[in-house]
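Q: To be precise about what I am sending: the file is called data-v6.cif and holds mmCIF, C-alpha atoms.
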data_work
loop_
_atom_site.label_atom_id
_atom_site.label_comp_id
_atom_site.auth_asym_id
_atom_site.auth_seq_id
_atom_site.Cartn_x
_atom_site.Cartn_y
_atom_site.Cartn_z
CA MET J 1 -33.96 4.61 -92.06
CA LYS J 2 -33.16 6.65 -88.96
CA ASN J 3 -30.38 9.13 -88.41
CA LYS J 4 -27.81 8.86 -85.63
CA ALA J 5 -25.62 11.80 -84.72
CA TYR J 6 -22.73 12.05 -82.27
CA GLY J 7 -21.39 15.58 -82.41
CA LYS J 8 -20.17 16.16 -85.96
CA TYR J 9 -20.46 12.48 -86.89
CA SER J 10 -23.77 11.28 -88.30
CA PHE J 11 -25.05 8.32 -90.30
CA GLU J 12 -28.22 6.43 -91.07
CA ILE J 13 -29.15 3.23 -89.29
CA SER J 14 -31.32 0.63 -90.96
CA ASN J 15 -33.39 -2.50 -90.36
CA THR J 16 -33.55 -1.97 -86.61
CA ASP J 17 -36.52 -4.37 -86.37
CA LYS J 18 -34.61 -7.26 -87.95
CA VAL J 19 -34.36 -10.10 -85.43
CA PHE J 20 -30.73 -11.04 -84.81
CA PHE J 21 -31.27 -13.47 -81.89
CA PRO J 22 -34.42 -15.45 -82.82
CA GLU J 23 -35.10 -17.30 -79.54
CA SER J 24 -34.47 -14.32 -77.29
CA LYS J 25 -36.10 -11.91 -79.80
CA TYR J 26 -33.27 -9.39 -79.67
CA THR J 27 -33.14 -7.21 -82.76
CA LYS J 28 -30.50 -5.29 -84.62
CA GLY J 29 -31.91 -2.22 -82.88
CA ASP J 30 -31.25 -3.86 -79.50
CA LEU J 31 -27.65 -4.51 -80.56
CA ILE J 32 -27.18 -0.90 -81.64
CA GLU J 33 -28.72 0.37 -78.41
CA TYR J 34 -26.41 -1.88 -76.37
CA TYR J 35 -23.23 -0.64 -78.02
CA GLU J 36 -24.43 2.94 -77.68
CA LYS J 37 -24.99 2.48 -73.92
CA ILE J 38 -21.83 0.45 -73.24
CA SER J 39 -19.53 2.70 -75.24
CA GLU J 40 -18.15 4.73 -72.32
CA THR J 41 -17.06 1.54 -70.54
CA MET J 42 -15.96 -0.37 -73.63
CA LEU J 43 -14.09 2.21 -75.71
CA PRO J 44 -10.96 2.32 -73.50
CA TYR J 45 -10.41 -1.37 -74.39
CA LEU J 46 -10.74 -0.64 -78.10
CA LYS J 47 -8.69 2.56 -78.18
CA ASP J 48 -5.99 2.57 -80.87
CA ARG J 49 -6.40 -1.16 -81.56
CA MET J 50 -6.92 -2.77 -84.93
CA VAL J 51 -10.40 -4.29 -85.13
CA THR J 52 -11.55 -7.40 -86.95
CA MET J 53 -15.30 -7.26 -87.51
CA VAL J 54 -17.36 -10.44 -87.13
CA ARG J 55 -20.49 -9.64 -89.11
CA PHE J 56 -23.89 -11.35 -89.26
CA PRO J 57 -26.06 -9.46 -91.80
CA ASN J 58 -29.07 -11.69 -91.12
CA GLY J 59 -28.53 -12.46 -87.45
CA ILE J 60 -26.78 -15.28 -85.65
CA GLN J 61 -28.48 -18.06 -87.62
CA GLY J 62 -27.40 -16.56 -90.93
CA VAL J 63 -24.09 -16.35 -92.72
CA LYS J 64 -21.20 -14.86 -90.75
CA PHE J 65 -17.95 -13.49 -92.05
CA TYR J 66 -14.77 -12.00 -90.63
CA GLN J 67 -13.76 -8.67 -92.12
CA LYS J 68 -10.35 -7.11 -91.56
CA GLU J 69 -10.20 -4.64 -94.44
CA THR J 70 -12.19 -1.43 -93.99
CA PRO J 71 -14.80 -1.25 -96.79
CA GLU J 72 -14.48 1.72 -99.14
CA TYR J 73 -18.04 2.82 -98.34
CA PHE J 74 -17.28 3.37 -94.64
CA PRO J 75 -17.41 7.07 -93.69
CA LYS J 76 -14.17 9.03 -94.00
CA TRP J 77 -14.37 10.03 -90.32
CA ILE J 78 -13.78 6.43 -89.20
CA ASP J 79 -10.14 6.08 -88.14
CA LYS J 80 -8.03 3.46 -89.88
CA LYS J 81 -4.56 1.95 -89.66
CA LEU J 82 -2.70 0.44 -92.60
CA ILE J 83 -0.79 -2.64 -91.46
CA GLN J 84 1.90 -4.47 -93.43
CA ASN J 85 0.97 -8.15 -93.29
CA ARG J 86 3.55 -10.77 -92.35
CA GLU J 87 2.96 -12.72 -95.57
CA GLU J 88 2.29 -10.12 -98.28
CA GLY J 89 0.21 -7.05 -98.93
CA THR J 90 -1.41 -4.68 -96.47
CA THR J 91 -4.68 -4.45 -94.54
CA ASN J 92 -6.43 -1.21 -93.65
CA TYR J 93 -8.03 -1.91 -90.26
CA VAL J 94 -10.78 0.01 -88.50
CA ILE J 95 -9.65 1.84 -85.35
CA CYS J 96 -12.61 2.24 -83.00
CA ASN J 97 -11.90 5.25 -80.78
CA LYS J 98 -15.30 6.93 -81.05
CA LYS J 99 -18.81 6.09 -79.87
CA ALA J 100 -19.98 6.89 -83.40
CA THR J 101 -17.64 4.25 -84.83
CA LEU J 102 -18.76 1.58 -82.36
CA VAL J 103 -22.43 2.21 -83.16
CA TYR J 104 -21.69 2.36 -86.88
CA LEU J 105 -20.09 -1.09 -86.67
CA ALA J 106 -23.19 -2.43 -84.90
CA ASN J 107 -25.28 -1.00 -87.73
CA GLN J 108 -23.05 -2.97 -90.10
CA ALA J 109 -24.15 -6.12 -88.21
CA CYS J 110 -20.79 -6.45 -86.48
CA ILE J 111 -22.08 -8.36 -83.47
CA THR J 112 -18.61 -9.11 -82.09
CA PRO J 113 -15.60 -6.83 -82.50
CA HIS J 114 -12.31 -8.65 -82.04
CA ILE J 115 -9.18 -6.66 -81.25
CA TRP J 116 -5.43 -6.95 -81.54
CA LEU J 117 -3.36 -7.33 -78.38
CA SER J 118 -1.24 -4.41 -79.55
CA ARG J 119 -1.94 -0.80 -80.52
CA LYS J 120 -1.51 1.03 -83.77
CA ASP J 121 1.67 2.91 -82.87
CA LYS J 122 3.55 -0.29 -81.96
CA PRO J 123 1.69 -3.13 -83.70
CA GLU J 124 4.54 -5.59 -83.09
CA LYS J 125 4.56 -5.00 -79.29
CA PRO J 126 1.57 -6.40 -77.32
CA ASP J 127 0.41 -4.75 -74.11
CA LYS J 128 -1.25 -7.86 -72.76
CA LEU J 129 -0.73 -11.61 -72.61
CA ILE J 130 -3.80 -13.84 -72.85
CA ILE J 131 -4.31 -17.49 -72.02
CA ASP J 132 -7.71 -18.61 -73.30
CA LEU J 133 -9.17 -21.45 -71.23
CA ASP J 134 -11.28 -23.23 -73.82
CA PRO J 135 -13.26 -26.25 -72.57
CA GLU J 136 -14.07 -29.12 -74.89
CA VAL J 137 -17.16 -30.00 -72.87
CA ASP J 138 -19.53 -27.79 -70.91
CA ASP J 139 -18.03 -28.08 -67.43
CA PHE J 140 -17.45 -24.57 -66.18
CA SER J 141 -16.48 -25.70 -62.69
CA LYS J 142 -13.29 -27.20 -64.15
CA VAL J 143 -12.63 -24.01 -66.10
CA LYS J 144 -12.84 -22.01 -62.87
CA THR J 145 -10.52 -24.49 -61.14
CA ILE J 146 -7.80 -24.19 -63.76
CA ALA J 147 -8.25 -20.40 -63.92
CA LEU J 148 -7.46 -20.19 -60.21
CA LYS J 149 -4.45 -22.48 -60.67
CA THR J 150 -3.28 -20.23 -63.50
CA ARG J 151 -3.67 -17.20 -61.26
CA ASP J 152 -1.64 -18.86 -58.50
CA LEU J 153 1.18 -19.57 -60.93
CA PHE J 154 1.18 -16.05 -62.33
CA GLU J 155 0.73 -14.14 -59.08
CA LYS J 156 2.28 -16.27 -56.33
CA THR J 157 5.14 -17.87 -58.25
CA LEU J 158 5.88 -15.48 -61.12
CA GLU J 159 4.80 -12.31 -59.27
CA LEU J 160 2.71 -10.99 -62.16
CA PRO J 161 -0.62 -9.12 -61.93
CA THR J 162 -3.42 -11.21 -63.38
CA TYR J 163 -6.98 -10.49 -64.52
CA VAL J 164 -9.86 -12.70 -65.59
CA MET J 165 -12.83 -12.33 -67.95
CA THR J 166 -15.68 -14.54 -69.09
CA SER J 167 -15.40 -15.08 -72.82
CA GLY J 168 -19.16 -14.80 -73.18
CA SER J 169 -18.98 -18.13 -74.99
CA ARG J 170 -17.64 -21.18 -73.12
CA GLY J 171 -14.52 -20.29 -71.20
CA LEU J 172 -12.41 -17.69 -69.45
CA HIS J 173 -9.54 -15.45 -70.49
CA VAL J 174 -6.67 -14.98 -68.05
CA VAL J 175 -4.78 -11.79 -68.82
CA VAL J 176 -1.47 -10.21 -67.76
CA PRO J 177 -1.04 -6.49 -68.65
CA LEU J 178 2.34 -5.80 -70.22
CA LYS J 179 4.63 -2.89 -70.84
CA ARG J 180 5.38 -2.81 -74.54
CA THR J 181 8.96 -4.03 -74.43
CA ARG J 182 8.72 -7.39 -76.22
CA ASP J 183 7.43 -8.52 -79.58
CA PHE J 184 4.68 -11.07 -80.03
CA ASP J 185 7.05 -13.98 -80.62
CA LYS J 186 8.76 -13.47 -77.26
CA VAL J 187 5.47 -13.02 -75.40
CA ARG J 188 3.94 -16.11 -76.98
CA GLU J 189 7.08 -18.12 -76.15
CA PHE J 190 6.68 -17.18 -72.49
CA ALA J 191 2.92 -17.93 -72.55
CA GLN J 192 3.67 -21.35 -74.01
CA LEU J 193 6.10 -22.10 -71.18
CA VAL J 194 3.36 -21.26 -68.70
CA ALA J 195 0.82 -23.41 -70.53
CA ASN J 196 3.23 -26.35 -70.74
CA HIS J 197 3.91 -26.15 -67.01
CA LEU J 198 0.20 -26.02 -66.19
CA GLU J 199 -0.35 -29.08 -68.37
CA LYS J 200 2.47 -30.95 -66.64
CA GLU J 201 1.05 -30.09 -63.20
CA ASN J 202 -2.60 -30.76 -64.12
CA PRO J 203 -2.56 -33.48 -66.80
CA GLU J 204 -6.06 -34.66 -65.93
CA LEU J 205 -7.55 -31.19 -66.45
CA VAL J 206 -5.76 -29.38 -69.25
CA THR J 207 -4.02 -29.86 -72.58
CA THR J 208 -1.90 -27.81 -74.94
CA ALA J 209 -2.82 -30.00 -77.92
CA ALA J 210 -3.82 -27.78 -80.81
CA ARG J 211 -5.72 -30.57 -82.60
CA LYS J 212 -9.21 -31.10 -81.19
CA ASN J 213 -9.02 -34.87 -81.62
CA LYS J 214 -6.04 -34.91 -79.26
CA ARG J 215 -7.67 -33.00 -76.39
CA GLU J 216 -9.62 -35.90 -74.82
CA GLY J 217 -12.28 -33.62 -73.37
CA LYS J 218 -9.76 -31.52 -71.44
CA ILE J 219 -9.54 -27.72 -71.20
CA TYR J 220 -7.40 -26.36 -74.00
CA LEU J 221 -4.84 -23.75 -72.92
CA ASP J 222 -4.82 -21.58 -76.02
CA VAL J 223 -1.88 -19.16 -76.27
CA GLY J 224 -2.28 -18.61 -80.00
CA ARG J 225 -3.84 -15.19 -79.57
CA ASN J 226 -0.41 -13.88 -78.53
CA ALA J 227 0.69 -13.45 -82.14
CA PHE J 228 0.99 -10.65 -84.67
CA GLY J 229 -2.32 -10.22 -86.46
CA GLN J 230 -4.27 -12.47 -84.09
CA THR J 231 -7.20 -11.14 -82.10
CA ALA J 232 -9.24 -11.70 -78.96
CA VAL J 233 -12.83 -10.83 -78.20
CA ALA J 234 -13.04 -7.30 -76.81
CA PRO J 235 -14.22 -6.83 -73.22
CA TYR J 236 -17.98 -6.17 -73.18
CA ALA J 237 -18.39 -7.42 -76.75
CA VAL J 238 -21.58 -9.33 -77.57
CA ARG J 239 -21.24 -12.97 -78.59
CA PRO J 240 -23.33 -14.48 -81.42
CA ILE J 241 -25.15 -16.86 -79.08
CA GLU J 242 -28.79 -16.96 -78.03
CA GLY J 243 -29.39 -14.67 -75.09
CA ALA J 244 -26.79 -12.21 -76.42
CA PRO J 245 -24.16 -12.84 -73.68
CA VAL J 246 -21.25 -10.43 -73.33
CA ALA J 247 -17.59 -10.95 -72.50
CA THR J 248 -17.38 -9.71 -68.93
CA PRO J 249 -14.33 -8.71 -66.84
CA LEU J 250 -14.52 -10.22 -63.34
CA GLU J 251 -13.08 -9.89 -59.88
CA TRP J 252 -11.15 -13.05 -59.02
CA ASP J 253 -13.29 -13.86 -55.98
CA GLU J 254 -16.33 -14.15 -58.26
CA LEU J 255 -14.96 -17.48 -59.45
CA ASN J 256 -15.98 -18.88 -56.05
CA GLU J 257 -19.66 -18.26 -56.87
CA SER J 258 -21.34 -21.46 -57.96
CA SER J 259 -23.81 -19.58 -60.15
CA LEU J 260 -21.08 -18.04 -62.32
CA ASN J 261 -20.77 -19.27 -65.89
CA SER J 262 -19.22 -17.96 -69.08
CA GLN J 263 -22.54 -16.42 -70.16
CA SER J 264 -23.64 -14.93 -66.84
CA TRP J 265 -24.35 -11.45 -68.27
CA ASN J 266 -25.98 -10.26 -71.46
CA ILE J 267 -26.88 -7.02 -73.22
CA LYS J 268 -29.70 -6.34 -70.78
CA THR J 269 -28.19 -7.41 -67.44
CA ILE J 270 -24.63 -6.06 -67.75
CA PHE J 271 -25.63 -2.50 -66.87
CA ASN J 272 -26.96 -3.36 -63.41
CA ARG J 273 -23.68 -5.16 -62.77
CA LEU J 274 -21.64 -2.14 -63.83
CA LYS J 275 -23.80 0.20 -61.76
CA LYS J 276 -23.36 -1.98 -58.68
CA ASN J 277 -19.75 -3.15 -59.06
CA GLY J 278 -18.06 -0.89 -61.59
CA ASP J 279 -15.53 -2.19 -64.09
CA PRO J 280 -12.98 -4.58 -62.50
CA TRP J 281 -10.45 -3.95 -65.27
CA GLU J 282 -10.58 -0.16 -65.18
CA GLU J 283 -7.08 0.21 -63.71
CA MET J 284 -5.54 -2.83 -65.40
CA GLN J 285 -3.06 -1.14 -67.73
CA LYS J 286 -1.66 0.89 -64.84
CA LYS J 287 -0.39 -2.44 -63.48
CA ALA J 288 1.53 -3.30 -66.66
CA VAL J 289 4.79 -5.19 -66.14
CA VAL J 290 7.83 -6.52 -67.98
CA LEU J 291 8.39 -10.28 -68.11
CA THR J 292 12.14 -10.38 -67.43
CA SER J 293 12.02 -11.52 -63.79
CA ALA J 294 9.05 -13.84 -64.34
CA GLU J 295 10.84 -15.51 -67.26
CA LYS J 296 13.89 -16.23 -65.08
CA ILE J 297 11.63 -17.75 -62.40
CA MET J 298 9.84 -19.79 -65.07
CA TYR J 299 13.05 -21.27 -66.42
CA ARG J 300 14.21 -22.18 -62.91
CA LEU J 301 10.85 -23.85 -62.35
CA ILE J 302 10.99 -26.06 -65.41
CA ASN J 303 14.71 -26.95 -65.30
#
Please lay out the structure from this file as structure tokens.
A:
Amino acid sequence: MKNKAYGKYSFEISNTDKVFFPESKYTKGDLIEYYEKISETMLPYLKDRMVTMVRFPNGIQGVKFYQKETPEYFPKWIDKKLIQNREEGTTNYVICNKKATLVYLANQACITPHIWLSRKDKPEKPDKLIIDLDPEVDDFSKVKTIALKTRDLFEKTLELPTYVMTSGSRGLHVVVPLKRTRDFDKVREFAQLVANHLEKENPELVTTAARKNKREGKIYLDVGRNAFGQTAVAPYAVRPIEGAPVATPLEWDELNESSLNSQSWNIKTIFNRLKKNGDPWEEMQKKAVVLTSAEKIMYRLIN
């Protein structure tokens, strides 16, 4: 056991030599060190958001489980938010506003924190819209193509600011920052209109079919994350894949680079990127918009 202290917050870390990524030899200690180093960049994306922990006690080849409820043994200094579930009951979510909390979660083998698209003070009102471009087959060039088409629709036609991030897994997330004026149902309805239009215009490339056996190898335009209680991978979160890739915010022109893929950066290489280029999403929420005008344009487009 070793002790970690961040100001008045302290806790013991354990099993730092346990290998979490067998082929790349990254350990639990490497994971903890990563989240400690990335915290300054990552915490603004976690601030005041409910966290679902994706935990791997024995590394990525072992059992994984999703944990929404904050365990009773978590320290009292970890912030929490009690949420009334849509179905029944409540869930007491972790709120990760502190470096100490982020590192503590890593020590709990939370390799990948997933976050709500809304914040604790207005859980029903998202401050971003996400379209997840999820390829059925490993063809990232097609993912980049449809991402650029999605950007054109959002920016040139609908006049909305748009951002892009590698998922760290297989695809890309296209994101529009929102002012918190609409509930999830209304935002998802708009996202679905966009996805349907993209499918109509690019039937050979994309699909909105939720069932995998209906996708025919096309890129799935997933708008399901735009819902109450649903989550998306946090920017700069580690994915449970060999090499320990991280979800990485991009500049749009980077999609023109042939070497780019969804796992281009990992827990070791991301820091040189940040030192050289900074964080492309740093000012994103300052660009937040309402969807009223874009929705009117969208309905004119499809009717």
Q: Which one is closest to Lys268 of chain J: J:Ser14, J:Asn3, J:Asn85, J:Ser24? Count only C-alpha atoms.
A: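 Checking each of J:Ser14, J:Asn3, J:Asn85, J:Ser24 against Lys268 of chain J, counting only C-alpha atoms, the winner is J:Ser24.
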Q: Care to translate the PyMOL selection byres ((chain J and resi 147-156) around 10) into actual residues of this file, as a VMD selection string?
A: chain J and resid 131 to 133 141 to 146 157 to 164 171 to 176 194 to 195 197 to 198 201 to 202 252 to 253 255 to 256 294 298
Q: Leaving out Ile241 of chain J and any residue of its chain fewer than 3 positions from it, which residues lie within 10 Å of it when counting only C-alpha atoms, given as a list in words?
A: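 The residues that qualify are Phe20, Phe21, Glu23, Ser24, Ile60, Gln61, Gly168, Ser169, Val238, Ala244, Pro245, Val246 and Gln263 of chain J.
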Q: With distances taken over all atoms listed in the file, which of J:Asn58, J:Thr207, J:Asn266, J:Ser259 is nearest to Ala247 of chain J?
A: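 The closest residue to Ala247 of chain J is J:Asn266.
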Q: Please indicate the distance in Å from atom CA of Ile13 of chain J to atom CA of Tyr104 of chain J, rounded to one decimal place.
A: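 Pair atom CA of Ile13 of chain J / atom CA of Tyr104 of chain J returns 7.9 Å.
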Q: Using all atoms listed in the file - which residues lie no farther than 7 Å from the point (-9.5, 0.9, -95.7) in the file's frame? Write them as a short mmCIF file (atom, residue, chain, number, x, y, z; two decimals) with C-alpha atoms, in the coordinates of the input.
A:
data_model
loop_
_atom_site.label_atom_id
_atom_site.label_comp_id
_atom_site.auth_asym_id
_atom_site.auth_seq_id
_atom_site.Cartn_x
_atom_site.Cartn_y
_atom_site.Cartn_z
CA GLU J 69 -10.20 -4.64 -94.44
CA THR J 70 -12.19 -1.43 -93.99
CA PRO J 71 -14.80 -1.25 -96.79
CA GLU J 72 -14.48 1.72 -99.14
CA LYS J 80 -8.03 3.46 -89.88
CA ASN J 92 -6.43 -1.21 -93.65
CA TYR J 93 -8.03 -1.91 -90.26
#
Q: If I only want segment 58-91 of chain J, can you write it with N, CA and C atoms, as a short mmCIF file (atom, residue, chain, number, x, y, z; two decimals), in the first residue's frame?
A:
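Contents of out.cif, as written:
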data_model
loop_
_atom_site.label_atom_id
_atom_site.label_comp_id
_atom_site.auth_asym_id
_atom_site.auth_seq_id
_atom_site.Cartn_x
_atom_site.Cartn_y
_atom_site.Cartn_z
N ASN J 58 -9.29 -6.84 -12.48
CA ASN J 58 -8.14 -7.67 -12.86
C ASN J 58 -7.62 -7.34 -14.25
N GLY J 59 -7.84 -6.11 -14.70
CA GLY J 59 -7.34 -5.70 -16.00
C GLY J 59 -8.32 -5.99 -17.11
N ILE J 60 -7.94 -5.60 -18.32
CA ILE J 60 -8.88 -5.61 -19.44
C ILE J 60 -9.27 -7.01 -19.91
N GLN J 61 -8.52 -8.03 -19.52
CA GLN J 61 -8.90 -9.39 -19.90
C GLN J 61 -9.75 -10.07 -18.84
N GLY J 62 -9.98 -9.35 -17.73
CA GLY J 62 -10.80 -9.91 -16.66
C GLY J 62 -12.23 -9.44 -16.74
N VAL J 63 -12.97 -9.70 -15.69
CA VAL J 63 -14.37 -9.31 -15.62
C VAL J 63 -14.47 -7.78 -15.57
N LYS J 64 -15.44 -7.24 -16.30
CA LYS J 64 -15.72 -5.81 -16.20
C LYS J 64 -17.14 -5.62 -15.70
N PHE J 65 -17.38 -4.49 -15.06
CA PHE J 65 -18.75 -4.18 -14.67
C PHE J 65 -18.94 -2.67 -14.64
N TYR J 66 -20.19 -2.28 -14.93
CA TYR J 66 -20.58 -0.87 -14.90
C TYR J 66 -21.16 -0.57 -13.53
N GLN J 67 -20.72 0.50 -12.92
CA GLN J 67 -21.20 0.85 -11.59
C GLN J 67 -21.68 2.29 -11.58
N LYS J 68 -22.97 2.46 -11.32
CA LYS J 68 -23.56 3.79 -11.22
C LYS J 68 -23.62 4.26 -9.77
N GLU J 69 -24.06 3.40 -8.89
CA GLU J 69 -24.21 3.72 -7.47
C GLU J 69 -22.85 3.88 -6.80
N THR J 70 -22.68 4.94 -6.02
CA THR J 70 -21.45 5.14 -5.27
C THR J 70 -21.39 4.13 -4.12
N PRO J 71 -20.34 3.30 -4.05
CA PRO J 71 -20.25 2.34 -2.94
C PRO J 71 -20.16 3.04 -1.59
N GLU J 72 -20.69 2.39 -0.57
CA GLU J 72 -20.70 2.99 0.77
C GLU J 72 -19.30 3.21 1.31
N TYR J 73 -18.33 2.40 0.85
CA TYR J 73 -16.97 2.51 1.38
C TYR J 73 -16.18 3.66 0.76
N PHE J 74 -16.72 4.32 -0.27
CA PHE J 74 -16.00 5.46 -0.85
C PHE J 74 -15.85 6.56 0.21
N PRO J 75 -14.75 7.30 0.17
CA PRO J 75 -14.54 8.36 1.17
C PRO J 75 -15.66 9.39 1.16
N LYS J 76 -15.94 9.96 2.32
CA LYS J 76 -17.00 10.95 2.45
C LYS J 76 -16.71 12.22 1.65
N TRP J 77 -15.42 12.50 1.37
CA TRP J 77 -15.08 13.73 0.65
C TRP J 77 -15.36 13.65 -0.85
N ILE J 78 -15.71 12.46 -1.35
CA ILE J 78 -16.08 12.35 -2.76
C ILE J 78 -17.49 12.90 -2.94
N ASP J 79 -17.64 13.85 -3.86
CA ASP J 79 -18.94 14.47 -4.12
C ASP J 79 -19.88 13.47 -4.78
N LYS J 80 -21.15 13.62 -4.48
CA LYS J 80 -22.17 12.72 -5.03
C LYS J 80 -23.43 13.51 -5.40
N LYS J 81 -24.23 12.91 -6.24
CA LYS J 81 -25.52 13.50 -6.62
C LYS J 81 -26.57 12.41 -6.67
N LEU J 82 -27.63 12.59 -5.89
CA LEU J 82 -28.73 11.63 -5.88
C LEU J 82 -29.70 11.97 -7.00
N ILE J 83 -29.90 11.01 -7.90
CA ILE J 83 -30.75 11.22 -9.07
C ILE J 83 -31.97 10.31 -8.98
N GLN J 84 -33.14 10.89 -9.22
CA GLN J 84 -34.38 10.11 -9.31
C GLN J 84 -34.42 9.44 -10.68
N ASN J 85 -34.46 8.12 -10.70
CA ASN J 85 -34.46 7.38 -11.96
C ASN J 85 -35.80 7.52 -12.66
N ARG J 86 -35.79 7.36 -13.97
CA ARG J 86 -37.02 7.46 -14.74
C ARG J 86 -37.99 6.33 -14.38
N GLU J 87 -37.45 5.14 -14.15
CA GLU J 87 -38.31 3.99 -13.87
C GLU J 87 -38.74 4.02 -12.40
N GLU J 88 -37.83 3.68 -11.50
CA GLU J 88 -38.14 3.72 -10.07
C GLU J 88 -36.84 3.81 -9.29
N GLY J 89 -36.95 4.27 -8.07
CA GLY J 89 -35.79 4.33 -7.20
C GLY J 89 -34.87 5.51 -7.53
N THR J 90 -33.74 5.53 -6.84
CA THR J 90 -32.75 6.58 -7.03
C THR J 90 -31.37 5.97 -7.18
N THR J 91 -30.45 6.77 -7.73
CA THR J 91 -29.05 6.37 -7.84
C THR J 91 -28.19 7.52 -7.34
#
